[in-house]
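Student: The file below is target-v6.cif, mmCIF, C-alpha atoms:
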data_entry
#
loop_
_atom_site.label_atom_id
_atom_site.label_comp_id
_atom_site.auth_asym_id
_atom_site.auth_seq_id
_atom_site.Cartn_x
_atom_site.Cartn_y
_atom_site.Cartn_z
CA MET C 1 48.01 4.73 -14.93
CA LYS C 2 47.30 1.43 -13.20
CA ALA C 3 47.17 3.15 -9.85
CA ALA C 4 44.82 5.79 -11.19
CA ARG C 5 42.51 3.14 -12.58
CA PHE C 6 42.60 1.30 -9.23
CA VAL C 7 41.65 4.46 -7.34
CA LEU C 8 38.93 5.35 -9.84
CA ARG C 9 37.37 1.90 -9.70
CA HIS C 10 37.34 1.86 -5.91
CA ALA C 11 35.99 5.38 -5.73
CA LEU C 12 33.17 4.33 -8.06
CA VAL C 13 32.33 1.27 -5.98
CA CYS C 14 32.39 3.28 -2.75
CA SER C 15 30.23 6.07 -4.15
CA LEU C 16 27.73 3.54 -5.49
CA PHE C 17 27.42 1.78 -2.15
CA GLY C 18 27.40 5.08 -0.25
CA GLY C 19 24.73 6.52 -2.50
CA LEU C 20 22.52 3.48 -2.34
CA ALA C 21 22.62 3.12 1.43
CA SER C 22 19.15 4.16 2.56
CA PRO C 23 18.45 5.69 5.96
CA ALA C 24 18.56 2.56 8.06
CA PHE C 25 16.09 1.97 10.84
CA ALA C 26 17.99 -0.63 12.75
CA HIS C 27 18.63 0.62 16.22
CA GLU C 28 15.32 1.94 17.44
CA PRO C 29 15.03 1.17 21.15
CA VAL C 30 11.82 -0.58 22.21
CA LEU C 31 10.46 -0.92 25.74
CA ARG C 32 7.71 -3.13 27.08
CA CYS C 33 6.46 -3.13 30.66
CA VAL C 34 3.94 -5.38 32.42
CA LEU C 35 2.51 -5.74 35.91
CA LEU C 36 3.75 -9.01 37.41
CA ASP C 37 1.30 -8.49 40.24
CA GLU C 38 -0.50 -5.55 41.82
CA SER C 39 2.71 -4.13 43.29
CA THR C 40 5.49 -5.18 40.89
CA VAL C 41 6.44 -3.88 37.45
CA ARG C 42 8.79 -5.64 35.07
CA CYS C 43 10.23 -3.88 32.04
CA ARG C 44 12.17 -5.38 29.18
CA GLY C 45 14.16 -3.27 26.74
CA GLY C 46 15.76 -4.01 23.42
CA TYR C 47 16.11 -2.89 19.84
CA ALA C 48 13.44 -3.18 17.17
CA GLU C 49 15.28 -5.84 15.16
CA GLY C 50 15.32 -8.22 18.12
CA GLU C 51 18.54 -7.38 19.93
CA ASP C 52 18.59 -7.16 23.71
CA ALA C 53 19.89 -4.08 25.49
CA PRO C 54 21.62 -5.16 28.71
CA GLY C 55 23.20 -2.36 30.73
CA VAL C 56 21.17 0.44 29.15
CA ASN C 57 19.89 3.18 31.49
CA LEU C 58 16.33 2.83 32.70
CA GLU C 59 14.61 5.50 34.73
CA VAL C 60 11.28 5.66 36.48
CA VAL C 61 10.05 9.24 36.84
CA ASP C 62 6.86 10.42 38.53
CA TYR C 63 4.60 13.07 37.05
CA ALA C 64 6.06 15.71 39.36
CA GLY C 65 9.35 15.19 37.52
CA GLU C 66 11.07 13.41 40.39
CA THR C 67 13.24 10.41 39.51
CA LEU C 68 11.99 7.45 41.53
CA LEU C 69 14.50 4.97 40.20
CA ALA C 70 17.61 5.34 38.06
CA SER C 71 19.11 2.00 37.18
CA LYS C 72 20.29 -0.15 34.30
CA LEU C 73 18.74 -3.13 32.57
CA GLY C 74 20.17 -6.42 33.86
CA LYS C 75 22.08 -9.01 31.86
CA ASP C 76 18.74 -10.45 30.74
CA SER C 77 17.76 -6.97 29.43
CA MET C 78 15.09 -6.67 32.13
CA LEU C 79 14.46 -4.74 35.31
CA THR C 80 11.86 -5.47 37.98
CA PHE C 81 10.86 -2.77 40.46
CA PRO C 82 8.05 -2.00 42.92
CA ARG C 83 5.06 -0.26 41.35
CA PRO C 84 5.07 3.45 42.23
CA LYS C 85 1.98 4.75 44.04
CA THR C 86 1.59 7.83 41.85
CA GLY C 87 1.47 8.43 38.09
CA TYR C 88 4.82 7.67 36.46
CA TYR C 89 6.58 6.87 33.24
CA VAL C 90 9.49 4.58 32.41
CA LEU C 91 12.30 5.90 30.22
CA LEU C 92 14.75 3.66 28.37
CA ASP C 93 17.58 6.06 27.60
CA VAL C 94 20.10 4.80 25.03
CA GLY C 95 21.61 8.20 24.26
CA PRO C 96 20.71 11.66 22.99
CA GLY C 97 17.61 11.42 20.79
CA SER C 98 17.39 7.66 21.18
CA GLN C 99 14.88 6.61 23.79
CA ALA C 100 11.67 4.70 24.43
CA ILE C 101 9.03 5.86 26.89
CA VAL C 102 6.19 3.91 28.44
CA GLU C 103 3.54 5.68 30.50
CA HIS C 104 1.99 4.03 33.54
CA ASP C 105 -1.45 3.78 31.94
CA GLU C 106 0.05 1.48 29.27
CA ILE C 107 1.32 -0.90 31.95
CA GLY C 108 -1.14 -3.63 32.89
CA PRO C 109 -1.12 -7.36 33.51
CA PRO C 110 0.00 -9.41 30.49
CA ARG C 111 -2.71 -9.83 27.85
CA SER C 112 -4.10 -13.28 27.20
CA ARG C 113 -2.10 -13.56 23.97
CA ASP C 114 1.17 -12.60 25.67
CA MET C 115 2.71 -16.01 26.12
CA ALA C 116 6.30 -14.88 26.82
CA ARG C 117 7.65 -16.33 30.04
CA TRP C 118 9.32 -13.12 31.18
CA MET C 119 5.91 -11.52 31.65
CA ARG C 120 4.90 -14.16 34.18
CA ASN C 121 6.17 -14.41 37.69
CA MET F 122 4.60 8.47 -11.59
CA SER F 123 4.35 6.08 -14.52
CA VAL F 124 5.16 9.00 -16.83
CA THR F 125 8.46 9.48 -14.98
CA HIS F 126 9.34 5.82 -15.41
CA LEU F 127 8.46 5.94 -19.09
CA ALA F 128 10.54 9.08 -19.52
CA ILE F 129 13.55 7.45 -17.81
CA PHE F 130 13.23 4.41 -20.08
CA VAL F 131 12.88 6.45 -23.28
CA LEU F 132 15.78 8.74 -22.31
CA SER F 133 17.97 5.69 -21.56
CA LEU F 134 17.00 4.07 -24.85
CA LEU F 135 17.79 7.24 -26.80
CA GLY F 136 21.02 7.63 -24.80
CA PHE F 137 22.17 4.14 -25.72
CA ALA F 138 21.16 4.70 -29.33
CA GLY F 139 23.26 7.89 -29.29
CA LEU F 140 26.23 5.96 -27.91
CA ALA F 141 25.77 3.31 -30.62
CA VAL F 142 25.63 5.89 -33.41
CA GLY F 143 28.77 7.40 -31.89
CA THR F 144 30.78 4.25 -32.62
CA GLU F 145 32.27 3.26 -35.98
CA ARG F 146 31.05 -0.30 -35.66
CA TYR F 147 27.42 0.06 -34.64
CA ALA F 148 26.46 3.27 -36.43
CA PRO F 149 25.95 1.52 -39.82
CA GLN F 150 23.86 -1.18 -38.13
CA LEU F 151 21.61 1.32 -36.40
CA VAL F 152 21.16 4.05 -39.02
CA GLY F 153 22.27 2.29 -42.21
CA PHE F 154 25.29 4.48 -43.00
CA LYS F 155 28.47 5.65 -41.30
CA PRO F 156 28.21 9.30 -40.17
CA ALA F 157 31.26 11.57 -40.35
CA LYS F 158 33.64 11.56 -37.41
CA PRO F 159 32.52 14.90 -35.88
CA ALA F 160 28.89 13.83 -36.13
CA ARG F 161 29.70 10.54 -34.42
CA LYS F 162 31.49 12.41 -31.64
CA ALA F 163 28.43 14.65 -31.21
CA PHE F 164 26.10 11.65 -31.00
CA TRP F 165 28.42 10.02 -28.49
CA ILE F 166 28.33 13.10 -26.24
CA LEU F 167 24.56 13.42 -26.70
CA GLY F 168 24.13 9.77 -25.69
CA TRP F 169 26.00 10.27 -22.42
CA LEU F 170 24.08 13.49 -21.77
CA LEU F 171 20.74 11.72 -22.22
CA LEU F 172 21.79 8.97 -19.80
CA ALA F 173 22.82 11.65 -17.30
CA VAL F 174 19.49 13.45 -17.71
CA ALA F 175 17.68 10.16 -17.07
CA LEU F 176 19.75 9.68 -13.90
CA VAL F 177 19.03 13.19 -12.62
CA LEU F 178 15.33 12.76 -13.40
CA ALA F 179 15.25 9.46 -11.52
CA ALA F 180 17.16 10.74 -8.49
CA GLN F 181 15.06 13.92 -8.25
CA THR F 182 11.55 12.59 -8.71
CA LEU F 183 11.50 9.04 -7.36
CA GLN F 184 11.04 8.31 -3.66
CA THR F 185 14.63 8.94 -2.59
CA ALA F 186 17.83 9.49 -4.55
CA ALA F 187 18.92 5.94 -3.68
CA VAL F 188 15.70 4.43 -5.00
CA GLY F 189 16.02 6.66 -8.08
CA VAL F 190 19.56 5.44 -8.86
CA THR F 191 18.51 1.81 -8.42
CA LEU F 192 15.49 2.18 -10.69
CA TRP F 193 17.63 4.05 -13.23
CA LEU F 194 20.03 1.08 -13.33
CA GLY F 195 17.03 -1.20 -13.88
CA TRP F 196 15.69 0.91 -16.74
CA LEU F 197 19.21 1.09 -18.23
CA SER F 198 19.30 -2.71 -18.39
CA LEU F 199 15.90 -2.85 -20.05
CA ALA F 200 16.80 -0.11 -22.53
CA GLY F 201 20.09 -1.82 -23.41
CA LEU F 202 18.38 -5.18 -23.92
CA SER F 203 15.63 -3.62 -26.03
CA LEU F 204 18.25 -2.03 -28.27
CA VAL F 205 20.11 -5.34 -28.63
CA PHE F 206 16.95 -7.11 -29.76
CA LEU F 207 15.84 -4.17 -31.88
CA LEU F 208 19.06 -3.95 -33.94
CA PRO F 209 18.65 -7.16 -35.99
CA GLU F 210 15.03 -6.24 -36.79
CA LEU F 211 15.87 -3.00 -38.55
CA PRO F 212 15.06 -3.18 -42.32
CA TRP F 213 18.57 -2.27 -43.50
CA GLN F 214 20.00 -5.24 -41.59
CA ARG F 215 18.93 -7.71 -44.33
CA SER F 216 22.09 -7.18 -46.34
CA VAL F 217 24.05 -8.57 -43.44
CA LYS F 218 21.73 -11.54 -43.19
CA THR F 219 22.05 -12.50 -46.85
CA ALA F 220 25.82 -12.66 -46.65
CA PRO F 221 26.65 -14.79 -43.63
CA ARG F 222 30.27 -14.68 -42.61
CA ARG F 223 30.13 -18.10 -41.03
CA ALA F 224 29.89 -21.34 -42.97
CA PRO F 225 26.33 -22.64 -43.23
CA ARG F 226 25.42 -24.92 -40.37
CA LYS F 227 25.41 -28.61 -41.10
CA ALA F 228 21.97 -30.16 -41.06
CA THR F 229 21.29 -32.25 -37.97
CA THR F 230 18.68 -34.91 -37.32
CA ASN F 231 16.70 -32.51 -35.15
CA ASP F 232 16.09 -30.13 -38.04
CA ASP F 233 13.40 -32.33 -39.52
CA LYS F 234 11.33 -32.34 -36.35
CA PRO F 235 8.75 -29.56 -36.22
CA VAL F 236 9.15 -27.14 -33.32
CA ARG F 237 6.53 -27.96 -30.73
CA LYS F 238 3.91 -25.25 -30.47
CA SER F 239 3.55 -25.63 -26.71
CA ARG F 240 7.08 -24.27 -26.32
CA HIS F 241 6.09 -21.05 -28.05
CA TRP F 242 3.15 -20.68 -25.71
CA ILE F 243 5.21 -21.37 -22.60
CA GLY F 244 7.77 -18.80 -23.70
CA LEU F 245 5.16 -16.23 -24.55
CA SER F 246 3.23 -16.69 -21.32
CA LEU F 247 6.44 -16.39 -19.28
CA LEU F 248 7.16 -13.10 -21.06
CA ALA F 249 3.61 -11.91 -20.44
CA VAL F 250 3.84 -12.79 -16.74
CA THR F 251 7.11 -10.84 -16.44
CA VAL F 252 5.53 -7.78 -18.03
CA ALA F 253 2.42 -8.12 -15.85
CA VAL F 254 4.51 -8.34 -12.66
CA CYS F 255 6.48 -5.24 -13.70
CA VAL F 256 3.29 -3.28 -14.41
CA VAL F 257 1.70 -4.27 -11.07
CA ALA F 258 4.90 -3.34 -9.21
CA LEU F 259 4.98 0.02 -11.02
CA LEU F 260 1.38 0.81 -10.12
CA ARG F 261 2.05 -0.01 -6.49
CA VAL F 262 5.00 2.36 -6.14
CA GLU F 263 4.04 4.99 -3.58
CA THR F 264 4.69 8.60 -4.39
CA MET F 265 7.18 10.41 -2.19
CA PRO F 266 5.62 10.72 1.29
CA LEU F 267 6.09 14.49 1.53
CA HIS F 268 4.42 15.01 -1.88
CA ARG F 269 1.29 13.07 -0.94
CA ASP F 270 -2.02 14.79 -0.24
CA ASP F 271 -2.02 13.65 3.38
CA ALA F 272 1.33 15.32 4.17
CA ILE F 273 1.00 17.99 6.84
CA LYS F 274 2.33 21.45 6.08
CA GLY F 275 2.76 23.47 9.24
CA LYS F 276 4.88 25.69 11.39
CA VAL F 277 6.61 24.95 14.66
CA GLY F 278 7.76 28.22 16.22
CA PRO F 279 9.33 30.22 13.38
CA TRP F 280 10.09 27.15 11.27
CA SER F 281 7.88 25.80 8.51
CA PHE F 282 7.96 22.11 7.65
CA THR F 283 6.23 19.23 5.87
CA LEU F 284 5.62 16.01 7.77
CA ALA F 285 4.14 12.66 6.74
CA GLU F 286 4.22 9.03 7.70
CA ILE F 287 6.59 7.18 5.35
CA ASP F 288 4.00 4.54 4.47
CA ARG F 289 0.27 4.65 5.06
CA ASP F 290 0.09 1.08 6.33
CA PRO F 291 -0.69 -0.06 9.89
CA PRO F 292 2.34 -0.03 12.22
CA GLU F 293 5.02 -2.66 11.97
CA VAL F 294 5.03 -4.98 14.98
CA MET F 295 8.63 -5.53 16.02
CA TYR F 296 10.56 -7.06 18.92
CA LEU F 297 8.60 -7.55 22.18
CA ASP F 298 5.41 -7.05 20.11
CA VAL F 299 6.06 -3.31 20.09
CA PRO F 300 4.39 -1.47 17.16
CA LEU F 301 6.60 1.05 15.37
CA LYS F 302 5.83 3.73 12.80
CA ALA F 303 8.20 5.74 10.62
CA TYR F 304 7.81 9.43 9.76
CA ARG F 305 9.59 11.88 7.49
CA ILE F 306 10.03 15.62 7.90
CA ARG F 307 11.50 18.41 5.79
CA PHE F 308 12.11 21.84 7.24
CA CYS F 309 12.51 24.90 5.04
CA ASP F 310 16.09 25.36 3.80
CA ALA F 311 16.77 28.40 5.98
CA CYS F 312 15.21 26.66 9.00
CA ASP F 313 17.61 23.73 8.71
CA LEU F 314 20.49 26.02 9.64
CA GLU F 315 18.74 27.25 12.79
CA ILE F 316 17.46 23.93 14.13
CA LEU F 317 19.62 21.83 16.39
CA ARG F 318 17.34 18.81 16.61
CA ALA F 319 13.76 17.74 16.13
CA TYR F 320 12.04 15.00 18.10
CA LEU F 321 8.82 13.04 17.63
CA LYS F 322 6.69 11.25 20.20
CA VAL F 323 3.13 10.09 20.77
CA ASN F 324 1.58 11.81 23.85
CA GLU F 325 2.73 15.16 25.14
CA PRO F 326 6.36 15.13 26.35
CA ARG F 327 6.49 15.53 30.14
CA ALA F 328 9.97 17.10 30.02
CA LEU F 329 12.41 18.31 27.37
CA ARG F 330 14.65 15.29 27.80
CA VAL F 331 11.75 12.92 27.14
CA SER F 332 10.70 14.51 23.84
CA GLY F 333 11.04 11.21 21.99
CA MET F 334 13.23 9.94 19.18
CA ALA F 335 15.30 12.46 17.22
CA PHE F 336 14.92 12.80 13.45
CA GLY F 337 18.04 11.66 11.61
CA GLY F 338 19.44 11.60 8.09
CA ASN F 339 21.98 13.34 5.93
CA GLY F 340 19.79 14.99 3.31
CA ARG F 341 17.06 17.58 3.62
CA ASP F 342 14.54 14.85 4.39
CA ARG F 343 14.91 13.47 7.88
CA ASP F 344 13.38 10.24 9.10
CA VAL F 345 12.46 8.80 12.46
CA GLU F 346 10.85 5.60 13.63
CA ILE F 347 9.00 5.70 16.94
CA GLN F 348 7.43 3.25 19.34
CA LEU F 349 3.65 3.63 19.52
CA PRO F 350 2.01 3.28 22.95
CA SER F 351 -0.12 0.17 23.40
CA ASN F 352 -3.16 2.24 24.39
CA LEU F 353 -3.07 4.53 21.35
CA THR F 354 -6.39 5.84 20.01
CA GLY F 355 -7.31 8.18 17.18
CA ASP F 356 -7.34 11.03 19.72
CA SER F 357 -3.80 10.34 20.96
CA GLU F 358 -1.55 13.17 19.91
CA LEU F 359 1.67 13.07 17.93
CA TRP F 360 4.04 15.72 19.29
CA LEU F 361 6.80 17.38 17.33
CA THR F 362 9.49 19.16 19.36
CA ALA F 363 11.99 21.38 17.59
CA VAL F 364 15.02 22.72 19.47
CA GLY F 365 16.84 25.65 17.94
CA LYS F 366 20.57 26.28 18.07
CA ASP F 367 19.74 29.30 20.25
CA GLY F 368 18.17 26.96 22.80
CA SER F 369 14.56 27.84 22.01
CA VAL F 370 12.05 25.00 22.17
CA HIS F 371 8.90 24.87 20.04
CA ARG F 372 6.19 22.24 20.01
CA THR F 373 3.16 21.35 17.96
CA SER F 374 0.84 18.34 17.80
CA TRP F 375 -1.84 16.56 15.78
CA PRO F 376 -4.29 13.77 16.56
CA MET F 377 -3.08 10.39 15.32
CA SER F 378 -6.31 9.99 13.34
CA ARG F 379 -5.07 12.88 11.16
CA VAL F 380 -1.44 11.80 10.72
CA SER F 381 -1.74 8.00 10.72
CA PRO F 382 -5.39 6.98 10.17
CA ALA F 383 -4.47 3.39 9.24
CA SER F 384 -2.50 2.99 12.48
CA ALA F 385 -5.32 4.45 14.59
CA ALA F 386 -7.74 2.02 12.93
CA TRP F 387 -5.33 -0.86 13.57
CA PHE F 388 -5.22 -0.05 17.30
CA ALA F 389 -9.03 0.20 17.45
CA GLN F 390 -9.24 -3.23 15.83
CA GLN F 391 -6.72 -4.66 18.32
CA GLU F 392 -8.86 -3.28 21.14
CA THR F 393 -12.01 -5.03 19.93
CA ALA F 394 -10.11 -8.28 19.29
CA ARG F 395 -8.80 -8.37 22.85
#
When written as structure tokens, how does the structure in this file appear?
Tutor:
Amino acid sequence: MKAARFVLRHALVCSLFGGLASPAFAHEPVLRCVLLDESTVRCRGGYAEGEDAPGVNLEVVDYAGETLLASKLGKDSMLTFPRPKTGYYVLLDVGPGSQAIVEHDEIGPPRSRDMARWMRN
Amino acid sequence: MSVTHLAIFVLSLLGFAGLAVGTERYAPQLVGFKPAKPARKAFWILGWLLLAVALVLAAQTLQTAAVGVTLWLGWLSLAGLSLVFLLPELPWQRSVKTAPRRAPRKATTNDDKPVRKSRHWIGLSLLAVTVAVCVVALLRVETMPLHRDDAIKGKVGPWSFTLAEIDRDPPEVMYLDVPLKAYRIRFCDACDLEILRAYLKVNEPRALRVSGMAFGGNGRDRDVEIQLPSNLTGDSELWLTAVGKDGSVHRTSWPMSRVSPASAAWFAQQETAR
């Protein structure tokens, strides 16, 4: 009887917590790229809540579909690479269905209100 | 919306009343006499049933089942409290009042002092503020995204769906100053069995593997939160990619000004502020 009550109580607690857990948006990858100078791009990846993403795959692909660079974010969650001559996009690939993409026309010099040091050379 | 909340409250109140009538102790206090045992049993069952109906109503009609259960618990508390404060006010309670079981309280020095009126007013205004806050919060509750007028009903390949942004606010600016926006989709029941995955992205995907973030979730409603490009305009397109279990790929798109007008306006404002 005691055991049954124990199981019942725990089942109730678990079902309550399980039922109340809402779809959590916690691990959306985010990617931000800037032009350090005319010929250098720096990208920084992370997760929406403010976590860094060191070691995550980063690819630079041109509009013909050719991979120009396949690398990983460094320990500082950043990667700096020469600016491709043609149109390109940068893909932060965390896993299936979890990615962030930045197109080359979004990548410019840091805006005046971007004070973060990583955007400056 | 408010009607649903009222219905949940009334059902909970009636449910609790049913439970009270179902007990030997509280039945006389609530209805003035003690019903027969089978009647009490019936009221007890009816009480539980009403509470269950309130729960189902809340879970089905409010935003999500989780929100529904939480609000149901809230209304349960209010209904229970109302019943507690209602019981002593019932006319047939006087007989109990005239025959106190406890010895009369000894007079203290404080009894002579008149109760300060300001205390009444502070109490009353606190109560009024609580009610006002509840009413404002109720009025601000958004209806379920997929039931709103701005939800898009469409078809991608053979599959019909409803899609809407979860809230109609400007995007949320997150880490690295990246704006994010959340969307919800529901495919038709039969479609769900045929679809492997659905992805969402602003700007046309340049390859299948860069179709964006995948919708996720356990129920029929699936959610996704996506990064919005910094150069988004009202004409930028939101692309939905659905991949079937048979490998077929279907795509459809809308201008952002149609799906997320507040976000498009926010980007336009950012552009002028720059």
Student: List every protein, DNA or RNA residue with an atom no more than 6 Å from (6.5, 1.7, 28.5) in the file's coordinates, counting all atoms listed in the file, and format the result as a list of chain:residue names.
Tutor: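 So the residues meeting the distance criterion are C:Leu31, C:Arg32, C:Cys33, C:Val90, C:Ile101, C:Val102, C:Glu103.
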Student: With only C-alpha atoms as the atoms that count, which of F:Ser378, F:Met334, F:Leu314, F:Leu297 lies nearest to Gly46 in chain C?
Tutor: F:Leu297
Student: Find the nearest atom pair between each residue of chain F and chain C for residues within 10 Å, count only C-alpha atoms, give distances in Å to one decimal, sort rows by chain and ascending number, and present the table as JSON lines.
Tutor:
{"residue": "F:Thr185", "atom": "CA", "partner": "C:Ser22", "partner_atom": "CA", "distance": 8.4}
{"residue": "F:Ala186", "atom": "CA", "partner": "C:Gly19", "partner_atom": "CA", "distance": 7.8}
{"residue": "F:Ala187", "atom": "CA", "partner": "C:Leu20", "partner_atom": "CA", "distance": 4.6}
{"residue": "F:Val188", "atom": "CA", "partner": "C:Leu20", "partner_atom": "CA", "distance": 7.4}
{"residue": "F:Gly189", "atom": "CA", "partner": "C:Leu20", "partner_atom": "CA", "distance": 9.2}
{"residue": "F:Val190", "atom": "CA", "partner": "C:Leu20", "partner_atom": "CA", "distance": 7.4}
{"residue": "F:Thr191", "atom": "CA", "partner": "C:Leu20", "partner_atom": "CA", "distance": 7.5}
{"residue": "F:Glu293", "atom": "CA", "partner": "C:Ala48", "partner_atom": "CA", "distance": 9.9}
{"residue": "F:Val294", "atom": "CA", "partner": "C:Ala48", "partner_atom": "CA", "distance": 8.9}
{"residue": "F:Met295", "atom": "CA", "partner": "C:Ala48", "partner_atom": "CA", "distance": 5.5}
{"residue": "F:Tyr296", "atom": "CA", "partner": "C:Gly50", "partner_atom": "CA", "distance": 5.0}
{"residue": "F:Leu297", "atom": "CA", "partner": "C:Arg32", "partner_atom": "CA", "distance": 6.7}
{"residue": "F:Asp298", "atom": "CA", "partner": "C:Arg32", "partner_atom": "CA", "distance": 8.3}
{"residue": "F:Val299", "atom": "CA", "partner": "C:Val30", "partner_atom": "CA", "distance": 6.7}
{"residue": "F:Pro300", "atom": "CA", "partner": "C:Val30", "partner_atom": "CA", "distance": 9.0}
{"residue": "F:Leu301", "atom": "CA", "partner": "C:Ala48", "partner_atom": "CA", "distance": 8.2}
{"residue": "F:Ala303", "atom": "CA", "partner": "C:Phe25", "partner_atom": "CA", "distance": 8.7}
{"residue": "F:Arg318", "atom": "CA", "partner": "C:Gly97", "partner_atom": "CA", "distance": 8.5}
{"residue": "F:Ala319", "atom": "CA", "partner": "C:Gly97", "partner_atom": "CA", "distance": 8.7}
{"residue": "F:Tyr320", "atom": "CA", "partner": "C:Gly97", "partner_atom": "CA", "distance": 7.1}
{"residue": "F:Leu321", "atom": "CA", "partner": "C:Gly97", "partner_atom": "CA", "distance": 9.5}
{"residue": "F:Lys322", "atom": "CA", "partner": "C:Ile101", "partner_atom": "CA", "distance": 8.9}
{"residue": "F:Val323", "atom": "CA", "partner": "C:Ile101", "partner_atom": "CA", "distance": 9.5}
{"residue": "F:Asn324", "atom": "CA", "partner": "C:Glu103", "partner_atom": "CA", "distance": 9.3}
{"residue": "F:Pro326", "atom": "CA", "partner": "C:Ile101", "partner_atom": "CA", "distance": 9.7}
{"residue": "F:Arg327", "atom": "CA", "partner": "C:Tyr63", "partner_atom": "CA", "distance": 7.6}
{"residue": "F:Ala328", "atom": "CA", "partner": "C:Gly65", "partner_atom": "CA", "distance": 7.8}
{"residue": "F:Arg330", "atom": "CA", "partner": "C:Gly97", "partner_atom": "CA", "distance": 8.5}
{"residue": "F:Val331", "atom": "CA", "partner": "C:Ile101", "partner_atom": "CA", "distance": 7.6}
{"residue": "F:Ser332", "atom": "CA", "partner": "C:Gly97", "partner_atom": "CA", "distance": 8.2}
{"residue": "F:Gly333", "atom": "CA", "partner": "C:Gln99", "partner_atom": "CA", "distance": 6.3}
{"residue": "F:Met334", "atom": "CA", "partner": "C:Gly97", "partner_atom": "CA", "distance": 4.9}
{"residue": "F:Ala335", "atom": "CA", "partner": "C:Gly97", "partner_atom": "CA", "distance": 4.4}
{"residue": "F:Phe336", "atom": "CA", "partner": "C:Gly97", "partner_atom": "CA", "distance": 7.9}
{"residue": "F:Gly337", "atom": "CA", "partner": "C:Pro23", "partner_atom": "CA", "distance": 8.2}
{"residue": "F:Gly338", "atom": "CA", "partner": "C:Pro23", "partner_atom": "CA", "distance": 6.4}
{"residue": "F:Asn339", "atom": "CA", "partner": "C:Pro23", "partner_atom": "CA", "distance": 8.4}
{"residue": "F:Gly340", "atom": "CA", "partner": "C:Pro23", "partner_atom": "CA", "distance": 9.8}
{"residue": "F:Arg343", "atom": "CA", "partner": "C:Pro23", "partner_atom": "CA", "distance": 8.8}
{"residue": "F:Asp344", "atom": "CA", "partner": "C:Pro23", "partner_atom": "CA", "distance": 7.5}
{"residue": "F:Val345", "atom": "CA", "partner": "C:Phe25", "partner_atom": "CA", "distance": 7.9}
{"residue": "F:Glu346", "atom": "CA", "partner": "C:Glu28", "partner_atom": "CA", "distance": 6.9}
{"residue": "F:Ile347", "atom": "CA", "partner": "C:Glu28", "partner_atom": "CA", "distance": 7.4}
{"residue": "F:Gln348", "atom": "CA", "partner": "C:Val30", "partner_atom": "CA", "distance": 6.5}
{"residue": "F:Leu349", "atom": "CA", "partner": "C:Val102", "partner_atom": "CA", "distance": 9.3}
{"residue": "F:Pro350", "atom": "CA", "partner": "C:Glu106", "partner_atom": "CA", "distance": 6.9}
{"residue": "F:Ser351", "atom": "CA", "partner": "C:Glu106", "partner_atom": "CA", "distance": 6.0}
{"residue": "F:Asn352", "atom": "CA", "partner": "C:Glu106", "partner_atom": "CA", "distance": 5.9}
{"residue": "F:Leu353", "atom": "CA", "partner": "C:Glu106", "partner_atom": "CA", "distance": 9.0}
{"residue": "F:Arg395", "atom": "CA", "partner": "C:Arg111", "partner_atom": "CA", "distance": 8.0}
Student: Could you please determine the separation between CA of Phe164 in chain F and CA of Thr144 in chain F in Å, to one decimal place?
Tutor: 8.9 Å
Student: From the list F:Pro376, F:Gly365, F:Gly139, F:Pro292, which residue is nearest Trp169 in chain F when using all atoms listed in the file?
Tutor: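 Of F:Pro376, F:Gly365, F:Gly139, F:Pro292, the one nearest Trp169 in chain F is F:Gly139, counting all atoms listed in the file.
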Student: Which polymer residues have any atom within 12 Å of an atom of Leu178 in chain F, counting all atoms listed in the file, with same-chain residues fewer than 3 positions away left out, as a ChimeraX atom specification?
Tutor: /F:122,124-133,171-175,181-186,188-190,192-193
Student: Can I get the selection written as a PDB file, keeping the file's coordinate frame, with C-alpha atoms?
Tutor:
ATOM      1  CA  MET F 122       4.600   8.470 -11.590  1.00  0.00           C
ATOM      2  CA  VAL F 124       5.160   9.000 -16.830  1.00  0.00           C
ATOM      3  CA  THR F 125       8.460   9.480 -14.980  1.00  0.00           C
ATOM      4  CA  HIS F 126       9.340   5.820 -15.410  1.00  0.00           C
ATOM      5  CA  LEU F 127       8.460   5.940 -19.090  1.00  0.00           C
ATOM      6  CA  ALA F 128      10.540   9.080 -19.520  1.00  0.00           C
ATOM      7  CA  ILE F 129      13.550   7.450 -17.810  1.00  0.00           C
ATOM      8  CA  PHE F 130      13.230   4.410 -20.080  1.00  0.00           C
ATOM      9  CA  VAL F 131      12.880   6.450 -23.280  1.00  0.00           C
ATOM     10  CA  LEU F 132      15.780   8.740 -22.310  1.00  0.00           C
ATOM     11  CA  SER F 133      17.970   5.690 -21.560  1.00  0.00           C
ATOM     12  CA  LEU F 171      20.740  11.720 -22.220  1.00  0.00           C
ATOM     13  CA  LEU F 172      21.790   8.970 -19.800  1.00  0.00           C
ATOM     14  CA  ALA F 173      22.820  11.650 -17.300  1.00  0.00           C
ATOM     15  CA  VAL F 174      19.490  13.450 -17.710  1.00  0.00           C
ATOM     16  CA  ALA F 175      17.680  10.160 -17.070  1.00  0.00           C
ATOM     17  CA  GLN F 181      15.060  13.920  -8.250  1.00  0.00           C
ATOM     18  CA  THR F 182      11.550  12.590  -8.710  1.00  0.00           C
ATOM     19  CA  LEU F 183      11.500   9.040  -7.360  1.00  0.00           C
ATOM     20  CA  GLN F 184      11.040   8.310  -3.660  1.00  0.00           C
ATOM     21  CA  THR F 185      14.630   8.940  -2.590  1.00  0.00           C
ATOM     22  CA  ALA F 186      17.830   9.490  -4.550  1.00  0.00           C
ATOM     23  CA  VAL F 188      15.700   4.430  -5.000  1.00  0.00           C
ATOM     24  CA  GLY F 189      16.020   6.660  -8.080  1.00  0.00           C
ATOM     25  CA  VAL F 190      19.560   5.440  -8.860  1.00  0.00           C
ATOM     26  CA  LEU F 192      15.490   2.180 -10.690  1.00  0.00           C
ATOM     27  CA  TRP F 193      17.630   4.050 -13.230  1.00  0.00           C
TER      28      TRP F 193
END
